[in-house]
Every structure is written in structure tokens, then in C-alpha cells.
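Visitor: What follows is protein-v6.json; its format and atoms are JSON, C-alpha atoms.
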[["chain", "number", "residue", "atom", "x", "y", "z"],
["W", 1, "MET", "CA", 118.87, 135.54, 95.04],
["W", 2, "VAL", "CA", 121.31, 132.66, 95.61],
["W", 3, "TYR", "CA", 118.37, 130.25, 95.60],
["W", 4, "LEU", "CA", 117.19, 131.59, 92.21],
["W", 5, "LEU", "CA", 120.65, 131.29, 90.69],
["W", 6, "ARG", "CA", 121.11, 127.77, 92.04],
["W", 7, "THR", "CA", 117.67, 126.75, 90.73],
["W", 8, "ALA", "CA", 118.39, 128.25, 87.31],
["W", 9, "PHE", "CA", 121.73, 126.45, 87.15],
["W", 10, "VAL", "CA", 120.17, 123.09, 88.09],
["W", 11, "CYS", "CA", 117.45, 123.59, 85.47],
["W", 12, "PHE", "CA", 120.07, 124.41, 82.85],
["W", 13, "LEU", "CA", 122.12, 121.31, 83.64],
["W", 14, "SER", "CA", 119.00, 119.15, 83.64],
["W", 15, "SER", "CA", 117.98, 120.45, 80.23],
["W", 16, "LEU", "CA", 121.39, 119.52, 78.83],
["W", 17, "LEU", "CA", 121.15, 116.01, 80.20],
["W", 18, "LEU", "CA", 117.56, 115.44, 79.13],
["W", 19, "ALA", "CA", 117.66, 117.00, 75.65],
["W", 20, "PRO", "CA", 118.84, 114.34, 73.18],
["W", 21, "SER", "CA", 119.11, 116.85, 70.34],
["W", 22, "ILE", "CA", 121.83, 118.73, 72.17],
["W", 23, "SER", "CA", 125.17, 117.02, 72.00],
["W", 24, "LEU", "CA", 128.51, 118.42, 72.92],
["W", 25, "ALA", "CA", 131.20, 118.30, 70.30],
["W", 26, "TRP", "CA", 134.88, 117.63, 70.84],
["W", 27, "PRO", "CA", 137.97, 117.92, 68.63],
["W", 28, "GLY", "CA", 140.14, 115.09, 67.39],
["W", 29, "LYS", "CA", 142.86, 114.69, 64.78],
["W", 30, "VAL", "CA", 142.09, 112.18, 62.02],
["W", 31, "VAL", "CA", 144.85, 109.56, 62.05],
["W", 32, "ASP", "CA", 143.19, 106.87, 59.89],
["W", 33, "VAL", "CA", 140.49, 106.59, 57.27],
["W", 34, "ALA", "CA", 139.40, 102.94, 57.28],
["W", 35, "ASP", "CA", 136.79, 103.39, 54.56],
["W", 36, "GLY", "CA", 134.24, 105.95, 53.43],
["W", 37, "ASP", "CA", 132.30, 106.00, 56.67],
["W", 38, "THR", "CA", 134.75, 104.91, 59.38],
["W", 39, "ILE", "CA", 137.68, 106.93, 60.70],
["W", 40, "THR", "CA", 139.99, 106.97, 63.70],
["W", 41, "VAL", "CA", 140.73, 110.16, 65.58],
["W", 42, "GLN", "CA", 143.39, 110.95, 68.13],
["W", 43, "ARG", "CA", 142.08, 112.66, 71.27],
["W", 44, "GLY", "CA", 144.93, 113.17, 73.70],
["W", 45, "PRO", "CA", 146.60, 109.78, 74.16],
["W", 46, "GLU", "CA", 143.47, 107.91, 73.03],
["W", 47, "ARG", "CA", 142.61, 106.69, 69.51],
["W", 48, "ILE", "CA", 138.88, 106.53, 68.96],
["W", 49, "LYS", "CA", 137.06, 104.80, 66.11],
["W", 50, "ILE", "CA", 134.23, 106.89, 64.66],
["W", 51, "ARG", "CA", 131.41, 105.72, 62.39],
["W", 52, "LEU", "CA", 129.86, 108.55, 60.38],
["W", 53, "TYR", "CA", 126.22, 109.05, 61.35],
["W", 54, "GLY", "CA", 123.35, 108.55, 58.93],
["W", 55, "ILE", "CA", 125.27, 107.43, 55.85],
["W", 56, "ASP", "CA", 126.59, 104.24, 54.31],
["W", 57, "CYS", "CA", 129.43, 104.16, 51.80],
["W", 58, "PRO", "CA", 130.67, 101.43, 49.49],
["W", 59, "GLU", "CA", 132.98, 98.91, 51.16],
["W", 60, "ASP", "CA", 136.68, 98.90, 50.22],
["W", 61, "ASN", "CA", 136.26, 95.72, 48.16],
["W", 62, "GLN", "CA", 133.10, 97.03, 46.51],
["W", 63, "ALA", "CA", 132.90, 99.03, 43.29],
["W", 64, "PHE", "CA", 133.75, 102.69, 44.02],
["W", 65, "GLY", "CA", 134.90, 101.87, 47.58],
["W", 66, "GLU", "CA", 138.47, 103.03, 47.02],
["W", 67, "ASN", "CA", 137.24, 106.24, 45.35],
["W", 68, "VAL", "CA", 135.11, 107.09, 48.38],
["W", 69, "LYS", "CA", 137.99, 106.40, 50.78],
["W", 70, "ALA", "CA", 140.30, 108.62, 48.71],
["W", 71, "PHE", "CA", 137.70, 111.43, 48.60],
["W", 72, "LEU", "CA", 137.18, 111.29, 52.37],
["W", 73, "SER", "CA", 140.92, 111.13, 53.05],
["W", 74, "ALA", "CA", 141.49, 114.24, 50.94],
["W", 75, "GLN", "CA", 138.88, 116.08, 53.02],
["W", 76, "ILE", "CA", 139.94, 115.13, 56.55],
["W", 77, "PHE", "CA", 143.10, 113.02, 56.90],
["W", 78, "ASP", "CA", 145.63, 114.59, 59.30],
["W", 79, "LYS", "CA", 143.21, 117.42, 60.10],
["W", 80, "VAL", "CA", 141.55, 118.37, 63.36],
["W", 81, "VAL", "CA", 137.84, 117.65, 63.07],
["W", 82, "GLU", "CA", 134.90, 118.26, 65.35],
["W", 83, "ILE", "CA", 133.06, 115.14, 66.53],
["W", 84, "ARG", "CA", 129.41, 115.51, 67.51],
["W", 85, "GLU", "CA", 128.34, 112.24, 69.07],
["W", 86, "MET", "CA", 124.92, 110.94, 68.07],
["W", 87, "ASP", "CA", 125.05, 107.31, 69.23],
["W", 88, "VAL", "CA", 127.23, 104.27, 69.91],
["W", 89, "ASP", "CA", 126.88, 101.27, 67.58],
["W", 90, "ARG", "CA", 126.93, 97.54, 68.36],
["W", 91, "TYR", "CA", 130.70, 97.48, 67.75],
["W", 92, "LYS", "CA", 131.16, 100.16, 70.45],
["W", 93, "ARG", "CA", 132.14, 102.80, 67.91],
["W", 94, "ILE", "CA", 131.01, 106.36, 68.41],
["W", 95, "VAL", "CA", 128.51, 107.27, 65.70],
["W", 96, "ALA", "CA", 128.93, 110.96, 64.94],
["W", 97, "ILE", "CA", 128.59, 113.96, 62.72],
["W", 98, "VAL", "CA", 132.11, 114.95, 61.67],
["W", 99, "SER", "CA", 132.95, 118.49, 60.63],
["W", 100, "VAL", "CA", 135.99, 120.40, 59.45],
["W", 101, "GLY", "CA", 135.30, 124.03, 60.16],
["W", 102, "ASP", "CA", 131.81, 124.69, 58.78],
["W", 103, "LEU", "CA", 131.88, 121.65, 56.47],
["W", 104, "ASN", "CA", 129.68, 118.77, 57.63],
["W", 105, "ILE", "CA", 131.54, 115.77, 56.19],
["W", 106, "ASN", "CA", 128.59, 113.34, 56.42],
["W", 107, "ARG", "CA", 126.39, 115.71, 54.42],
["W", 108, "HIS", "CA", 129.25, 116.48, 52.03],
["W", 109, "LEU", "CA", 129.69, 112.78, 51.16],
["W", 110, "VAL", "CA", 126.01, 112.51, 50.27],
["W", 111, "GLU", "CA", 125.98, 115.76, 48.30],
["W", 112, "TYR", "CA", 128.90, 114.69, 46.11],
["W", 113, "GLY", "CA", 127.59, 111.20, 45.48],
["W", 114, "TYR", "CA", 129.93, 109.25, 47.74],
["W", 115, "ALA", "CA", 127.32, 107.92, 50.18],
["W", 116, "TRP", "CA", 123.78, 106.71, 50.56],
["W", 117, "VAL", "CA", 121.63, 108.15, 53.29],
["W", 118, "TYR", "CA", 121.26, 105.16, 55.60],
["W", 119, "GLY", "CA", 117.50, 105.39, 56.13],
["W", 120, "GLN", "CA", 117.44, 102.65, 58.74],
["W", 121, "TYR", "CA", 119.63, 104.77, 61.05],
["W", 122, "CYS", "CA", 119.33, 108.37, 59.84],
["W", 123, "LYS", "CA", 116.46, 109.61, 61.97],
["W", 124, "ALA", "CA", 117.39, 113.23, 62.71],
["W", 125, "GLU", "CA", 115.41, 116.09, 61.14],
["W", 126, "PHE", "CA", 118.26, 116.98, 58.78],
["W", 127, "CYS", "CA", 118.12, 113.50, 57.19],
["W", 128, "THR", "CA", 115.26, 114.74, 55.01],
["W", 129, "GLU", "CA", 117.59, 117.35, 53.53],
["W", 130, "TRP", "CA", 120.28, 114.70, 53.04],
["W", 131, "LEU", "CA", 117.80, 112.51, 51.12],
["W", 132, "GLN", "CA", 117.09, 115.46, 48.82],
["W", 133, "LEU", "CA", 120.84, 115.92, 48.30],
["W", 134, "GLU", "CA", 121.14, 112.22, 47.43],
["W", 135, "VAL", "CA", 118.38, 112.56, 44.81],
["W", 136, "PHE", "CA", 120.15, 115.61, 43.39],
["W", 137, "ALA", "CA", 123.51, 113.77, 43.25],
["W", 138, "ARG", "CA", 121.82, 110.85, 41.45],
["W", 139, "ARG", "CA", 120.31, 113.19, 38.86],
["W", 140, "LEU", "CA", 123.69, 114.81, 38.24],
["W", 141, "ARG", "CA", 125.37, 111.35, 38.19],
["W", 142, "ARG", "CA", 127.89, 112.57, 40.76],
["W", 143, "GLY", "CA", 130.38, 110.18, 42.32],
["W", 144, "LEU", "CA", 129.11, 106.62, 42.58],
["W", 145, "TRP", "CA", 125.91, 107.60, 40.78],
["W", 146, "GLY", "CA", 127.98, 107.75, 37.60],
["W", 147, "GLU", "CA", 128.26, 103.95, 37.82],
["W", 148, "SER", "CA", 125.77, 101.93, 35.77],
["W", 149, "ASN", "CA", 124.15, 100.12, 38.70],
["W", 150, "PRO", "CA", 125.55, 101.04, 42.12],
["W", 151, "VAL", "CA", 124.77, 98.44, 44.79],
["W", 152, "PRO", "CA", 123.93, 99.78, 48.25],
["W", 153, "PRO", "CA", 126.54, 98.64, 50.79],
["W", 154, "TRP", "CA", 123.96, 96.93, 53.01],
["W", 155, "GLU", "CA", 122.93, 94.75, 50.03],
["W", 156, "PHE", "CA", 126.58, 94.10, 49.15],
["W", 157, "ARG", "CA", 127.29, 92.96, 52.73],
["W", 158, "ARG", "CA", 124.20, 90.74, 52.80],
["W", 159, "THR", "CA", 125.13, 89.10, 49.48],
["W", 160, "LYS", "CA", 128.71, 88.58, 50.70],
["W", 161, "LYS", "CA", 127.43, 86.90, 53.92],
["W", 162, "ASN", "CA", 125.21, 84.52, 51.95],
["W", 163, "ARG", "CA", 128.09, 83.17, 49.86]]
When written as C-alpha cells, how does the structure in this file appear?
Guide:
Amino acid sequence: MVYLLRTAFVCFLSSLLLAPSISLAWPGKVVDVADGDTITVQRGPERIKIRLYGIDCPEDNQAFGENVKAFLSAQIFDKVVEIREMDVDRYKRIVAIVSVGDLNINRHLVEYGYAWVYGQYCKAEFCTEWLQLEVFARRLRRGLWGESNPVPPWEFRRTKKNR
């Protein structure tokens, strides 16, 4: 009996470690909103920079950038959020799904026209749904889609580098 329980426990732990789709979430209080897709959370004594997974928002100095930052701040600033880690980027930031209660903030930004789905990095199954939400937001001219010709942030950054 003890052998069976020990074997079951080891199998369970192994499945958690080997299953990339399962990620443990942890809470943090939002203490800074840098822009539409980067925040800082307080976790105990540590401040951790978080990049929102699967989306890209206008930069602060780009058209609609301040609007996106204000929208995100209204949703999460000074609130306890749940961080579900998906990756770590080249700047050593945690790339995560951020939620407040049942509200998935990443998805919410796309749905209300404040973000592009970042196809280069959004590889999870739910990204297909997010792309549909982006199309819907465009049709309704929500958020940045109300602008005459919104420039994707990755193009804006590339153009800025080439100057």
C-alpha cells in the first residue's frame, strides 16, 4: 500500500514538472504600470517586472499608447492579481497571463481594442480565440481600431530603430 501511494505521488509530481501546459499561479500586487503590456508586481519584499503574454500594445510615445496605459491602470493598478507564468523573455522578465478574479487581462485588452495578438509569440491554444476577438474589435472600431491607421508596435519599434 505504501509503495502504491509513493509511486502515485512520484507520478503526480513528474506530471506537473513535465507538463508545460500546467503552470502554477501566484498572487502579486500591481505597483506600476509601465505601459500597456508591462507591469510591476510586489510579491513579498520583491518587485517583479511582468510582460503580458501573447499581446503587444502601442508604446507610450506611439499613438494611443497613453490611452492603453490608462485603460490597463484602471483595471489593475493597486490590485492583487494572479500571475500565471508562461515564459521568461530576453530581458529576464516573466511573461505571464495576468488575471483579476475571473478577468483575464491579456484577453481583455485584445477584446476591447487595446492590444494586438502578438502572433510571433502567442502560441497557446487560446490564441486562436484571441485572434477572433481582435477581428471583432477591429470591426466594431473599439479602442485603437477607431484610429485611421493604427501601426503595430513591432513596426513602430523597427521604424524608430532605423532612424
Visitor: Mind giving me the straight-line distance from CA of Val100 (chain W) to CA of Gln62 (chain W) in Å, one decimal?
Guide: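 Going from CA of Val100 (chain W) over to CA of Gln62 (chain W) covers 26.9 Å.
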Visitor: From the options W:Glu59, W:Lys29, W:Asp87, W:Glu129, which residue's atoms come nearest to Lys160 (chain W), counting all atoms listed in the file?
Guide: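 So, comparing all the options, the nearest one is W:Glu59.
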Visitor: Within 10 Å of Ser73 (chain W), counting all atoms listed in the file, which residues show up once you throw out same-chain ones fewer than 2 positions away? Write them as an MDAnalysis selection string, please.
Guide: chainID W and resid 30:36 39 67:71 75:79
Visitor: Quick one: residues within 7 Å of Gly28 (chain W), only C-alpha atoms counted, chain neighbours fewer than 6 positions away excluded, as a list of chain:residue names?
Guide: W:Val41, W:Gln42, W:Arg43, W:Val80, W:Val81, W:Glu82
Visitor: Could you tell me how far CA of Asp102 (chain W) lies from CA of Arg84 (chain W), in Å and to one decimal?
Guide: 12.9 Å
Visitor: Which one of W:Phe126, W:Tyr91, W:Trp116, W:Phe136 sits closest to Cys57 (chain W) if you count only C-alpha atoms?
Guide: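 Among the listed residues, the smallest separation from Cys57 (chain W) belongs to W:Trp116.
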Visitor: Can you work out which one of W:Ile55, W:Val135, W:Asp37, W:Ile50 has the shortest atom-to-atom distance to Gln120 (chain W), counting only C-alpha atoms?
Guide: W:Ile55
Visitor: Find, counting only C-alpha atoms, the residue in W:Leu133, W:Leu24, W:Leu140, W:Val151 that gets nearest to Asn106 (chain W).
Guide: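 Ranked by minimum distance to Asn106 (chain W), first place goes to W:Leu133.
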Visitor: Pick from W:Leu144, W:Ala137, W:Cys127, W:Ile83: nearest to Tyr114 (chain W), with all atoms listed in the file counted?
Guide: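 Smallest separation from Tyr114 (chain W) among the options: W:Leu144.
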Visitor: Go through W:Gly113, W:Pro45, W:Gly54, W:Pro27 one by one, measure the shortest atom-to-atom distance of each to Glu147 (chain W) using all atoms listed in the file, and give the residue with the smallest value.
Guide: W:Gly113
Visitor: Extending 3 Å beyond the listed atoms of region 128-135 of chain W on each side, what axis-aligned box results? I want centre and edge lengths in Å to one decimal, as AutoDock Vina command-line options.
Guide:
--center_x 118.2 --center_y 114.8 --center_z 49.9 --size_x 11.9 --size_y 11.1 --size_z 16.2
